[in-house]
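Below is coords-v2.csv, holding CSV, C-alpha atoms.
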```csv
chain,number,residue,atom,x,y,z
A,201,ALA,CA,16.5,-0.7,-7.4
A,202,ALA,CA,16.6,0.7,-3.8
A,203,GLN,CA,16.7,4.2,-5.1
A,204,ALA,CA,13.8,3.5,-7.4
A,205,PHE,CA,11.7,2.1,-4.6
A,206,ASP,CA,12.3,5.1,-2.4
A,207,ARG,CA,10.1,6.9,-5.0
A,208,ALA,CA,7.8,4.0,-5.9
A,209,GLU,CA,4.0,4.3,-6.1
A,210,GLN,CA,1.1,1.9,-5.7
A,211,GLY,CA,0.7,0.7,-9.2
A,212,LEU,CA,-1.9,-0.9,-11.3
A,213,ILE,CA,0.4,-3.7,-12.2
A,214,ILE,CA,3.6,-5.3,-11.0
A,215,LEU,CA,6.1,-7.3,-13.1
A,216,ILE,CA,7.9,-10.3,-11.6
A,217,SER,CA,10.4,-12.5,-13.2
A,218,GLN,CA,9.8,-16.2,-13.7
A,219,VAL,CA,12.6,-17.5,-11.6
A,220,GLY,CA,13.1,-19.6,-8.5
A,221,HIS,CA,12.2,-18.5,-5.0
A,222,GLN,CA,15.8,-17.9,-4.0
A,223,HIS,CA,15.9,-15.1,-6.6
A,224,HIS,CA,12.3,-13.9,-6.3
A,225,GLN,CA,12.9,-10.7,-4.4
A,226,GLY,CA,15.7,-9.5,-6.5
A,227,ALA,CA,13.7,-10.2,-9.7
A,228,THR,CA,10.7,-8.3,-8.3
A,229,ALA,CA,12.8,-5.3,-7.5
A,230,LEU,CA,14.3,-5.2,-11.0
A,231,ALA,CA,11.0,-5.7,-12.8
A,232,ALA,CA,9.1,-3.2,-10.7
A,233,GLU,CA,11.9,-0.6,-11.2
A,234,GLN,CA,11.2,-1.0,-15.0
A,235,VAL,CA,7.5,-0.3,-14.4
A,236,PHE,CA,7.5,2.4,-11.8
A,237,TYR,CA,10.7,4.3,-12.2
A,238,GLY,CA,12.6,3.7,-15.5
A,239,GLY,CA,14.2,7.2,-15.4
A,240,GLY,CA,10.9,8.9,-15.6
A,241,GLU,CA,10.0,12.1,-13.7
A,242,VAL,CA,8.6,11.3,-10.3
A,243,ARG,CA,6.0,13.7,-8.9
A,244,ARG,CA,3.0,13.7,-6.6
A,245,ARG,CA,0.1,11.7,-8.0
A,246,THR,CA,-2.2,14.7,-7.8
A,247,ASP,CA,0.1,16.5,-10.2
A,248,LEU,CA,-0.4,13.8,-12.8
A,249,CYS,CA,-3.9,12.5,-13.1
A,250,ARG,CA,-7.5,13.5,-12.7
A,251,THR,CA,-9.1,12.1,-9.6
A,252,ASP,CA,-12.0,10.8,-11.6
A,253,THR,CA,-9.7,8.4,-13.5
A,254,GLY,CA,-9.1,6.2,-10.5
A,255,CYS,CA,-5.5,7.3,-10.3
A,256,GLY,CA,-5.8,10.4,-8.2
A,257,LYS,CA,-5.0,9.1,-4.7
A,258,ARG,CA,-3.8,12.2,-2.9
A,259,GLY,CA,-0.3,12.2,-1.4
A,260,ALA,CA,1.1,9.1,-3.1
A,261,TRP,CA,4.3,9.1,-5.1
A,262,SER,CA,3.7,8.5,-8.8
A,263,ILE,CA,5.2,8.5,-12.3
A,264,ALA,CA,3.2,9.2,-15.4
A,265,MET,CA,1.2,6.0,-16.3
A,266,SER,CA,-0.2,7.4,-19.6
A,267,GLY,CA,0.8,6.1,-22.9
A,268,LEU,CA,2.4,2.9,-21.5
A,269,LEU,CA,2.6,-0.3,-23.5
A,270,ILE,CA,3.8,-3.6,-21.9
A,271,GLN,CA,4.4,-6.3,-24.5
A,272,GLY,CA,4.7,-10.0,-24.4
A,273,ALA,CA,4.1,-10.6,-20.7
A,274,SER,CA,2.7,-13.8,-19.3
A,275,ILE,CA,-0.4,-12.4,-17.5
A,276,VAL,CA,-1.8,-13.9,-14.3
A,277,ASP,CA,-4.9,-11.8,-13.7
A,278,GLY,CA,-6.1,-13.1,-10.4
A,279,THR,CA,-9.3,-14.7,-11.7
A,280,GLY,CA,-7.9,-18.3,-11.4
A,281,LYS,CA,-7.6,-18.9,-15.1
A,282,LYS,CA,-4.3,-20.1,-16.5
A,283,ALA,CA,-1.6,-17.6,-17.5
A,284,PHE,CA,-1.8,-16.2,-21.0
A,285,VAL,CA,0.6,-14.1,-23.1
A,286,ALA,CA,-0.6,-10.7,-24.2
A,287,ASP,CA,0.2,-7.0,-24.3
A,288,VAL,CA,-1.3,-4.4,-21.9
A,289,ALA,CA,-1.9,-0.7,-22.7
A,290,VAL,CA,-2.2,1.9,-19.9
A,291,ASN,CA,-3.8,5.3,-20.6
A,292,ASP,CA,-5.0,7.9,-18.1
A,293,CYS,CA,-3.7,5.7,-15.3
A,294,LEU,CA,-6.0,2.9,-16.2
A,295,ILE,CA,-5.6,-0.3,-18.2
A,296,SER,CA,-7.2,0.5,-21.5
A,297,GLU,CA,-6.6,-2.6,-23.6
A,298,ILE,CA,-5.3,-6.2,-23.3
A,299,GLY,CA,-4.5,-8.2,-26.4
A,300,ARG,CA,-2.0,-8.1,-29.3
A,301,ILE,CA,-1.2,-4.4,-29.5
A,302,PRO,CA,1.5,-3.3,-32.0
A,303,ALA,CA,3.5,-0.3,-30.7
A,304,GLU,CA,3.0,1.6,-33.9
A,305,THR,CA,-0.8,1.5,-33.5
A,306,GLY,CA,-1.0,3.9,-30.5
A,307,ASN,CA,0.6,7.0,-29.1
A,308,PHE,CA,2.8,5.3,-26.6
A,309,SER,CA,5.4,7.3,-24.8
A,310,ARG,CA,7.0,4.2,-23.4
A,311,VAL,CA,7.1,0.5,-24.4
A,312,ILE,CA,8.3,-2.3,-22.1
A,313,ASP,CA,9.5,-5.6,-23.5
A,314,ALA,CA,8.1,-8.0,-20.9
A,315,ARG,CA,8.9,-11.3,-22.7
A,316,GLY,CA,9.9,-13.9,-20.0
A,317,LEU,CA,8.2,-11.8,-17.3
A,318,THR,CA,5.0,-12.3,-15.4
A,319,LEU,CA,2.4,-9.5,-15.2
A,320,THR,CA,0.0,-9.4,-12.3
A,321,PRO,CA,-2.3,-7.1,-10.4
A,322,GLY,CA,-0.7,-5.8,-7.2
A,323,PHE,CA,-0.9,-8.2,-4.3
A,324,ILE,CA,-3.0,-7.6,-1.2
A,325,ASP,CA,-1.5,-8.0,2.3
A,326,MET,CA,-4.5,-8.9,4.4
A,327,HIS,CA,-2.6,-9.0,7.7
A,328,SER,CA,-0.3,-6.0,7.9
A,329,HIS,CA,1.3,-4.4,10.9
A,330,SER,CA,2.4,-1.2,9.1
A,331,ASP,CA,0.1,0.9,11.3
A,332,LEU,CA,2.9,3.3,12.5
A,333,LEU,CA,5.6,2.5,10.0
A,334,GLN,CA,3.5,3.9,7.1
A,335,MET,CA,3.8,7.3,8.7
A,336,VAL,CA,7.6,7.4,8.8
A,337,LYS,CA,8.3,5.3,5.7
A,338,PRO,CA,5.4,6.1,3.4
A,339,GLN,CA,7.3,4.8,0.4
A,340,ALA,CA,6.7,1.3,1.8
A,341,ALA,CA,9.7,-0.2,0.1
A,342,ALA,CA,9.5,-3.5,2.0
A,343,LYS,CA,6.0,-4.1,0.6
A,344,ILE,CA,6.4,-2.7,-2.9
A,345,CYS,CA,9.5,-4.9,-3.4
A,346,GLN,CA,7.3,-7.9,-2.8
A,347,GLY,CA,4.6,-6.6,-5.3
A,348,ILE,CA,2.2,-5.7,-2.4
A,349,THR,CA,0.1,-2.7,-3.3
A,350,THR,CA,-2.7,-2.9,-0.7
A,351,GLU,CA,-2.5,-3.4,3.0
A,352,LEU,CA,-5.1,-4.1,5.8
A,353,LEU,CA,-4.1,-2.5,9.1
A,354,GLY,CA,-5.4,-2.8,12.6
A,355,GLN,CA,-4.8,-6.5,13.0
A,356,ASP,CA,-5.0,-8.7,16.1
A,357,GLY,CA,-7.1,-6.2,18.0
A,358,LEU,CA,-4.0,-3.9,18.3
A,359,GLY,CA,-4.7,-1.0,16.0
A,360,VAL,CA,-3.7,2.5,17.1
A,361,ALA,CA,-7.0,4.4,17.0
A,362,PRO,CA,-9.0,5.7,18.7
A,363,LEU,CA,-6.6,6.8,21.4
A,364,THR,CA,-7.7,7.6,24.9
A,365,ASP,CA,-5.9,10.3,26.9
A,366,GLY,CA,-4.2,8.9,30.0
A,367,HIS,CA,-3.5,5.5,28.4
A,368,ILE,CA,-1.5,6.5,25.3
A,369,GLU,CA,2.0,6.0,26.7
A,370,SER,CA,1.2,2.6,28.3
A,371,TYR,CA,-0.6,1.4,25.1
A,372,ARG,CA,2.3,2.6,23.0
A,373,ARG,CA,4.7,0.4,25.0
A,374,HIS,CA,2.2,-2.5,24.9
A,375,VAL,CA,2.1,-2.6,21.1
A,376,SER,CA,5.7,-1.7,20.4
A,377,GLY,CA,6.8,-5.3,20.2
A,378,LEU,CA,4.4,-5.9,17.3
A,379,LEU,CA,4.1,-2.5,15.6
A,380,GLY,CA,7.5,-1.0,16.6
A,381,ASP,CA,8.0,2.4,18.2
A,382,PRO,CA,9.2,4.8,15.5
A,383,ASP,CA,10.0,8.4,16.4
A,384,LEU,CA,6.5,9.6,15.8
A,385,ALA,CA,4.2,11.9,17.7
A,386,TRP,CA,0.8,10.2,18.4
A,387,THR,CA,-1.2,13.4,17.8
A,388,TRP,CA,-4.5,11.8,16.6
A,389,ARG,CA,-7.3,10.7,18.9
A,390,SER,CA,-10.3,9.6,16.8
A,391,PHE,CA,-10.2,6.9,14.1
A,392,GLY,CA,-10.9,9.5,11.5
A,393,GLU,CA,-8.0,11.6,12.6
A,394,TYR,CA,-5.7,8.6,12.3
A,395,LEU,CA,-6.9,8.0,8.7
A,396,GLU,CA,-6.4,11.7,8.0
A,397,ARG,CA,-2.8,11.4,9.3
A,398,LEU,CA,-2.0,8.5,7.1
A,399,GLN,CA,-3.5,10.3,4.1
A,400,ARG,CA,-1.5,13.5,4.8
A,401,GLU,CA,1.8,11.7,5.0
A,402,GLY,CA,1.1,10.0,1.7
A,403,THR,CA,1.5,6.2,1.1
A,404,ALA,CA,2.9,4.1,-1.7
A,405,THR,CA,0.3,1.4,-1.0
A,406,ASN,CA,-3.4,1.5,-0.7
A,407,LEU,CA,-4.5,1.3,2.9
A,408,ALA,CA,-7.6,0.0,4.7
A,409,ALA,CA,-7.8,-0.2,8.5
A,410,LEU,CA,-9.9,-2.2,11.0
A,411,ALA,CA,-11.5,-0.6,14.0
A,412,SER,CA,-9.5,-2.8,16.5
A,413,HIS,CA,-10.9,-4.3,19.8
A,414,GLY,CA,-7.9,-3.1,22.0
A,415,PRO,CA,-8.3,0.7,21.6
A,416,LEU,CA,-12.1,0.4,21.9
A,417,ARG,CA,-11.8,-1.5,25.1
A,418,ILE,CA,-9.3,0.9,26.5
A,419,ALA,CA,-11.6,3.7,25.8
A,420,VAL,CA,-14.2,2.3,28.2
A,421,ALA,CA,-12.1,0.3,30.7
A,422,GLY,CA,-8.5,1.3,30.4
A,423,MET,CA,-6.1,-1.6,30.8
A,424,GLU,CA,-8.1,-3.3,33.5
A,425,GLU,CA,-8.1,-7.1,33.2
A,426,ARG,CA,-11.8,-8.0,33.9
A,427,ALA,CA,-15.0,-8.7,32.1
A,428,LEU,CA,-16.8,-5.7,30.8
A,429,THR,CA,-20.3,-4.8,31.9
A,430,PRO,CA,-23.2,-4.8,29.4
A,431,LYS,CA,-23.2,-1.0,29.5
A,432,GLU,CA,-19.4,-0.9,28.7
A,433,LEU,CA,-19.9,-3.3,25.8
A,434,ASP,CA,-22.7,-1.0,24.5
A,435,ARG,CA,-20.3,1.9,24.8
A,436,MET,CA,-17.6,0.1,22.8
```
Will you turn the file into structure tokens for me?
Amino acid sequence: AAQAFDRAEQGLIILISQVGHQHHQGATALAAEQVFYGGGEVRRRTDLCRTDTGCGKRGAWSIAMSGLLIQGASIVDGTGKKAFVADVAVNDCLISEIGRIPAETGNFSRVIDARGLTLTPGFIDMHSHSDLLQMVKPQAAAKICQGITTELLGQDGLGVAPLTDGHIESYRRHVSGLLGDPDLAWTWRSFGEYLERLQREGTATNLAALASHGPLRIAVAGMEERALTPKELDRM
């Protein structure tokens, strides 16, 4: 499972086993290995799917998600309704059908027997501190193994963009207790450059980022501990 998650992608769907909490993580790893790896060829996502299908996120790891049929899963779809048993077909990297789908009715290159497993959309981590770690471990195994496929960065006012020359090293030390301090050159300055850096490295999860208070304040007042002036607030 660890080898599989080194090459995992953000997926449309995650399978988790219906077992107790003490076995939850291991079950997730096993099931997600079935969906995302399964001995298939792993390539860059842009090599696999057209960007207009919704599966063309540049730089992410991917396996072919076309012609996939998942049968007999207990589906929890995130709408709040009760779980229901059904089959799910995936074509062109999108869910194309949900219902009773015999394997012989379609051109499926892969069929997964998901009886006894739960099928859900990927989970959203609304409070993530992977701001730096994503750039050194873009496979995001710690998140994928939990079924997380989307993260929101820049939490607690302590994001890492924009950066202000003269304050980068002190700010880096300041946030290291929360974000870590991986061996990484902080070469970006603007918020856009930070997003471009994340995109260039490639990520297994979808990422969104907040414009955090801390870097904006440092841009106008450094690390001074005082109230800001109205002019400084406007500049922020």
Neighbour list for stretch 410-425 of chain A as an NGL selection string, cut-off 10 Å, only C-alpha atoms, skip fewer than 2 positions in-chain: :A and (352-368 or 370-371 or 391 or 408 or 427-429 or 431-436)
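Using all atoms listed in the file, the smallest distance between any of A:Ile295, A:Leu379, A:Ile312, A:Ala286 and A:Ile270 comes from A:Ile312.
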Taken to one decimal, the atom CA of A:Pro321-atom CA of A:Lys281 distance is 13.8 Å
Using all atoms listed in the file, find all polymer residues with an atom at most 7 Å away from the point (2.2, 6.9, 13.5); report them as a PyMOL selection string. chain A and resi 331-333+335+384-386
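You will find atom CA of A:Gln339 at 4.9 Å from atom CA of A:Ala404.
Each of A:Leu317, A:Ala409, A:Leu268, A:Val311 was compared to A:Glu297 using all atoms listed in the file, and A:Leu268 turns out to be the nearest.
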Atom CA of A:Gly278 sits from atom CA of A:Thr320 at a separation of 7.4 Å
Between A:Leu269, A:Phe284, A:Asp277, A:Lys337, smallest distance to A:Ser309 by all atoms listed in the file belongs to A:Leu269
